[in-house]
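Structure first, commentary second.
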Amino acid sequence: MYLSAANGGGSTVVANGKAEREWETFRLWKMENSDHMFKIRVIQEQFMGLNDNAKLVAVTKSPAQAGIFQIIRNKENKDQIKIKASSNGKLLQVMPNGSVKAIGEPGQSWSNSDPTVFTIHIDKNKQMDGDRQLCSFYGADQAIKFLQNHWNSFITEEDFLFISSKGLNAVRIPVAWWITKNSVRPSCHPPNYPGYQAVLDRAFDWADKYNLKVIIDLHAAPGSQNKQAHSGSRDGIVGWGDAKIDETVQVIKALADRYASRKSLLAIELLNEPWAPQVGLDTLKKYYKAGYTAVKEKVKNPDVYVIMSNRLNTNDPTELVDFASTFDHCVIDVHYYNLYDSSFNTIEDNINFVKTTRESQLKSLMRANGARVFVGEWTTEWNVENTKDEDRKRFADVQMDVYGQASFGWAYWTYKNKYASWSMKDMIEKVLFVYEKEKLD
């Protein structure tokens, strides 16, 4: 039987699961300065701990109140582990009725008949991704070294020169909420202000030098707005909502204040890819209104826009149209990826979908005197194998033709990537990406 959080969390943890379902899947929060100590989170976001009878439960959502456990691995068989509760020094032990208590004595055998021995199955598809997760595993000092090396080498001044020389006119730069000086440092994350802020300052300097516009995109909000690592999630759970609005607005206000006078500032995007239904529409609108006000209070240039991203996973892609159209110089951001729809298996499936459905979707968002529309992310990656360069060029061409109709233009995700189809730079150098420069009016 598998360890299972009953109801996914909120009560006991028992050994009665017959399969590797969500209730039997746990997230390990590695403790700083230790390779073996963890907090353990269940699918409904509670953390494991012991009750007064030393029984294993998952009832608290506060990391500060969570139990800490030591994972002890068998040197002869790394899949075998014992789990020691720090609160009483005892091993978790499966009782005859399937309940789990911290009553086992350390130092016993690794026999399969020993009720303190567990087999751990690690999800090989889950990898550390993003600086928050890197820090939670390696610690702040090592993560800072990784980040500084990355910032100083991945995107350089030569890249801004390349972008400008190829006729592109803007860059969309993702940032995380802890970039600002007044942000509270998230647990297990490097306190990298002013180092992090200096990277964005440098990007503005290069944009000024090479006559490029800059869109600041808040890609990671406090708590994570879409559960992905790029949104600052530590373990794949959405934690952004009403309680995080004020804190997020303060980040937007600080960014707007710092870059208000920069001639290259084109827009501030309030939030990237909020996920429905965990991020409710009313909550999002409340935040967008407050964030818009914060930008306009700090930025006096009337030509600077505020961008509001559509929710992902929503049934109504037009849900922000009427709301956003009540604000001056406002933009709705949509992201179009065929890649995540398994129904497009051929080249023609992908191309025809862009020509018909995507074009129709785009037109449904545009209103006379309404908010502008921005296709803020798209790519030439798809679920088609063994394709030729000319096929990918056709896919790029049709997307640029359709997305070029957007009233605020488009941005490719991403400029540089180790995978060529995700890399605009590689696509341009291979002459698979040919476009005409459009001036922003």
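Convention: chains lettered A, B, ... in structure tokens order; per-chain residue numbering from 1; ligands numbered from 1 as shown.
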Can you list, as a VMD selection string, every protein, DNA or RNA residue that comes within 12 Å of A:Ala411 when you count only C-alpha atoms, leaving out same-chain residues fewer than 2 positions away? chain A and resid 168 to 173 214 to 215 217 333 to 336 373 to 379 399 to 400 403 to 404 406 408 to 409 413 to 415 424
Could you write those residues out with C-alpha atoms, as a compact mmCIF listing (two decimals), in the first residue's frame?
```
# COMPACT_ATOMS: atom_id res chain seq x y z
CA LEU A 168 12.70 44.17 -34.29
CA ASN A 169 11.56 47.09 -32.17
CA ALA A 170 10.82 45.84 -28.64
CA VAL A 171 11.75 43.30 -25.98
CA ARG A 172 9.42 41.75 -23.41
CA ILE A 173 11.44 41.08 -20.25
CA VAL A 214 10.88 47.60 -23.28
CA ILE A 215 7.87 45.76 -21.86
CA ASP A 217 6.43 41.63 -17.60
CA ASP A 333 -2.30 39.91 -23.75
CA VAL A 334 -3.09 36.48 -25.21
CA HIS A 335 -0.72 33.55 -25.71
CA TYR A 336 -1.19 31.17 -28.61
CA VAL A 373 -4.61 43.28 -28.28
CA PHE A 374 -1.14 41.77 -27.98
CA VAL A 375 -0.14 38.23 -28.89
CA GLY A 376 2.49 38.23 -26.19
CA GLU A 377 3.75 34.69 -26.74
CA TRP A 378 3.85 32.23 -29.62
CA THR A 379 6.37 29.78 -31.00
CA GLN A 399 1.47 32.92 -37.52
CA MET A 400 3.16 36.24 -38.26
CA TYR A 403 -0.83 37.70 -35.31
CA GLY A 404 0.39 40.74 -37.22
CA ALA A 406 -3.18 42.30 -33.50
CA PHE A 408 -0.49 45.93 -30.32
CA GLY A 409 1.60 43.45 -32.31
CA TRP A 413 8.67 33.17 -26.96
CA THR A 414 11.56 33.25 -26.71
CA TYR A 415 14.50 35.18 -28.14
CA MET A 424 13.89 33.35 -32.37
```
Would you list the contacts of A:Asp322 as number ranges by chain, taking every protein, DNA or RNA residue within 9 Å and counting only C-alpha atoms, but skipping same-chain residues closer than 4 positions in sequence? A: 318, 326, 370-371
Pull the strand (DSSP E) assignments for stretch 42-255 of chain A out of DSSP run on the backbone, and list those residues as a VMD selection string. chain A and resid 47 to 50 56 to 60 69 to 73 80 to 85 91 to 94 100 to 104 118 to 119 170 to 176 213 to 220
Can you check which residues of stretch 133-375 of chain A DSSP gives as alpha helix (DSSP H) on the backbone and send them as a PyMOL selection string? chain A and resi 133-138+140-153+157-165+195-209+245-259+281-298+321-324+347-353+359-365
Export of the given selection (C-alpha atoms) as a tab-separated table (two decimals), in the first residue's frame:
```tsv
chain	number	residue	atom	x	y	z
A	133	GLN	CA	13.44	25.82	-7.01
A	134	LEU	CA	17.19	25.98	-7.53
A	135	CYS	CA	17.52	27.90	-4.31
A	136	SER	CA	15.27	25.54	-2.38
A	137	PHE	CA	17.55	22.65	-3.35
A	138	TYR	CA	21.05	24.14	-3.44
A	140	ALA	CA	20.87	30.70	-1.33
A	141	ASP	CA	24.66	31.03	-1.64
A	142	GLN	CA	25.00	28.49	-4.43
A	143	ALA	CA	21.87	29.71	-6.22
A	144	ILE	CA	23.23	33.27	-6.26
A	145	LYS	CA	26.34	32.01	-8.07
A	146	PHE	CA	24.20	30.20	-10.64
A	147	LEU	CA	22.04	33.26	-11.20
A	148	GLN	CA	24.89	35.74	-11.50
A	149	ASN	CA	26.67	33.55	-14.03
A	150	HIS	CA	23.45	33.21	-16.00
A	151	TRP	CA	22.64	36.92	-15.96
A	152	ASN	CA	26.13	37.88	-17.09
A	153	SER	CA	26.35	35.44	-19.98
A	157	GLU	CA	24.68	43.74	-25.15
A	158	GLU	CA	25.44	41.90	-28.39
A	159	ASP	CA	21.97	40.37	-28.23
A	160	PHE	CA	20.31	43.78	-28.03
A	161	LEU	CA	22.41	44.88	-31.02
A	162	PHE	CA	21.31	41.75	-32.91
A	163	ILE	CA	17.65	42.35	-32.09
A	164	SER	CA	17.82	45.94	-33.26
A	165	SER	CA	19.82	45.14	-36.39
A	195	GLY	CA	21.94	42.38	-8.19
A	196	TYR	CA	18.68	41.32	-9.79
A	197	GLN	CA	17.49	44.90	-10.23
A	198	ALA	CA	20.81	45.86	-11.82
A	199	VAL	CA	20.21	43.34	-14.61
A	200	LEU	CA	16.99	45.10	-15.60
A	201	ASP	CA	18.68	48.49	-15.31
A	202	ARG	CA	21.35	47.27	-17.72
A	203	ALA	CA	18.72	46.01	-20.16
A	204	PHE	CA	17.12	49.46	-20.23
A	205	ASP	CA	20.53	51.01	-20.94
A	206	TRP	CA	21.02	48.69	-23.90
A	207	ALA	CA	17.48	49.31	-25.14
A	208	ASP	CA	18.11	53.06	-25.03
A	209	LYS	CA	21.38	52.61	-26.91
A	245	ILE	CA	-3.02	41.75	-4.20
A	246	ASP	CA	-1.60	44.55	-2.04
A	247	GLU	CA	1.86	43.01	-2.01
A	248	THR	CA	1.81	42.59	-5.80
A	249	VAL	CA	0.61	46.14	-6.36
A	250	GLN	CA	3.57	47.38	-4.31
A	251	VAL	CA	5.91	45.53	-6.67
A	252	ILE	CA	4.24	47.13	-9.70
A	253	LYS	CA	4.41	50.55	-8.05
A	254	ALA	CA	8.14	50.13	-7.35
A	255	LEU	CA	8.85	49.05	-10.93
A	256	ALA	CA	6.80	51.90	-12.37
A	257	ASP	CA	8.54	54.42	-10.11
A	258	ARG	CA	12.04	53.19	-10.99
A	259	TYR	CA	11.57	53.14	-14.77
A	281	LEU	CA	-11.90	36.57	-12.47
A	282	ASP	CA	-13.21	38.99	-9.83
A	283	THR	CA	-9.90	38.77	-7.96
A	284	LEU	CA	-7.96	39.37	-11.16
A	285	LYS	CA	-10.05	42.39	-12.11
A	286	LYS	CA	-9.62	43.85	-8.63
A	287	TYR	CA	-5.86	43.50	-8.95
A	288	TYR	CA	-5.72	44.80	-12.52
A	289	LYS	CA	-7.63	47.94	-11.53
A	290	ALA	CA	-5.28	48.59	-8.61
A	291	GLY	CA	-2.19	47.76	-10.68
A	292	TYR	CA	-3.28	50.07	-13.51
A	293	THR	CA	-3.77	52.91	-11.03
A	294	ALA	CA	-0.33	52.27	-9.52
A	295	VAL	CA	1.35	52.51	-12.92
A	296	LYS	CA	-0.47	55.67	-13.94
A	297	GLU	CA	0.32	57.35	-10.62
A	298	LYS	CA	4.04	56.88	-11.23
A	321	VAL	CA	-12.55	42.68	-23.24
A	322	ASP	CA	-15.28	44.90	-21.76
A	323	PHE	CA	-13.34	45.42	-18.51
A	324	ALA	CA	-10.02	46.35	-20.15
A	347	ILE	CA	1.64	20.28	-40.56
A	348	GLU	CA	-1.60	21.25	-42.26
A	349	ASP	CA	-3.60	20.78	-39.03
A	350	ASN	CA	-1.43	23.38	-37.33
A	351	ILE	CA	-1.39	25.84	-40.21
A	352	ASN	CA	-5.13	25.63	-40.88
A	353	PHE	CA	-5.95	26.10	-37.19
A	359	GLU	CA	-7.65	34.48	-36.55
A	360	SER	CA	-11.26	34.29	-35.41
A	361	GLN	CA	-10.21	34.29	-31.74
A	362	LEU	CA	-8.02	37.33	-32.30
A	363	LYS	CA	-10.76	39.28	-34.05
A	364	SER	CA	-13.20	38.50	-31.22
A	365	LEU	CA	-10.95	40.40	-28.83
```
For A:Ala420, find every residue with an atom within 10 Å (counting only C-alpha atoms), except residues of its own chain fewer than 4 positions away, and show them as a PyMOL selection string. chain A and resi 380-381+416+424-427+430
Which distance in Å separates atom CA of A:Asn226 and atom CA of A:Trp275, to one decimal?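 Distance between the two atoms: 4.7 Å.
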Do a neighbour search on A:Gly239 at 8 Å with only C-alpha atoms, toss out local chain neighbours closer than 3 positions, and write the hits as an MDAnalysis selection string. chainID A and resid 222:225 227
If you count only C-alpha atoms, which residues fall within 6 Å of stretch 97-111 of chain A, apart from same-chain ones fewer than 3 positions away, as a PyMOL selection string? chain A and resi 14-15+54-56+90-94+114
So that I can see what lies close to stretch 307-313 of chain A, please list as a list in words the residues with an atom at most 7 Å from it, counting only C-alpha atoms and leaving out residues fewer than 6 positions away in the same chain.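 Residues meeting the cut-off are Ala267, Ile268, Glu269, Leu270, Leu271, Asn272, Glu273, Pro274, Trp275, Ala276, Tyr288, Leu320, Cys330, Val331, Ile332, Asp333 and Val334 of chain A.
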List the spatial neighbours of A:Phe26 as a PyMOL selection string - criterion: any atom at most 8 Å away, only C-alpha atoms, same-chain residues fewer than 5 positions off excluded. chain A and resi 40-43
Could the residues in this selection be saved with C-alpha atoms as a PDB file, in the first residue's frame?
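Final file, out-v2.pdb:
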```
ATOM      1  CA  ILE A  40       6.245  17.307   3.269  1.00  0.00           C
ATOM      2  CA  ARG A  41       3.284  18.862   1.461  1.00  0.00           C
ATOM      3  CA  VAL A  42       0.192  17.021   0.204  1.00  0.00           C
ATOM      4  CA  ILE A  43      -1.947  17.671  -2.867  1.00  0.00           C
TER       5      ILE A  43
END
```
Counting only C-alpha atoms, which residues of stretch 230-250 of chain A fall within 9 Å of stretch 175-178 of chain A, and what is the closest atom pair for each with its distance in Å at one decimal, ordered by chain and rising number, as a Markdown table?
```
| residue | atom | partner | partner_atom | distance |
| --- | --- | --- | --- | --- |
| A:His230 | CA | A:Ala176 | CA | 8.6 |
| A:Ser231 | CA | A:Ala176 | CA | 7.5 |
| A:Gly232 | CA | A:Ala176 | CA | 7.2 |
| A:Thr248 | CA | A:Trp177 | CA | 7.2 |
```
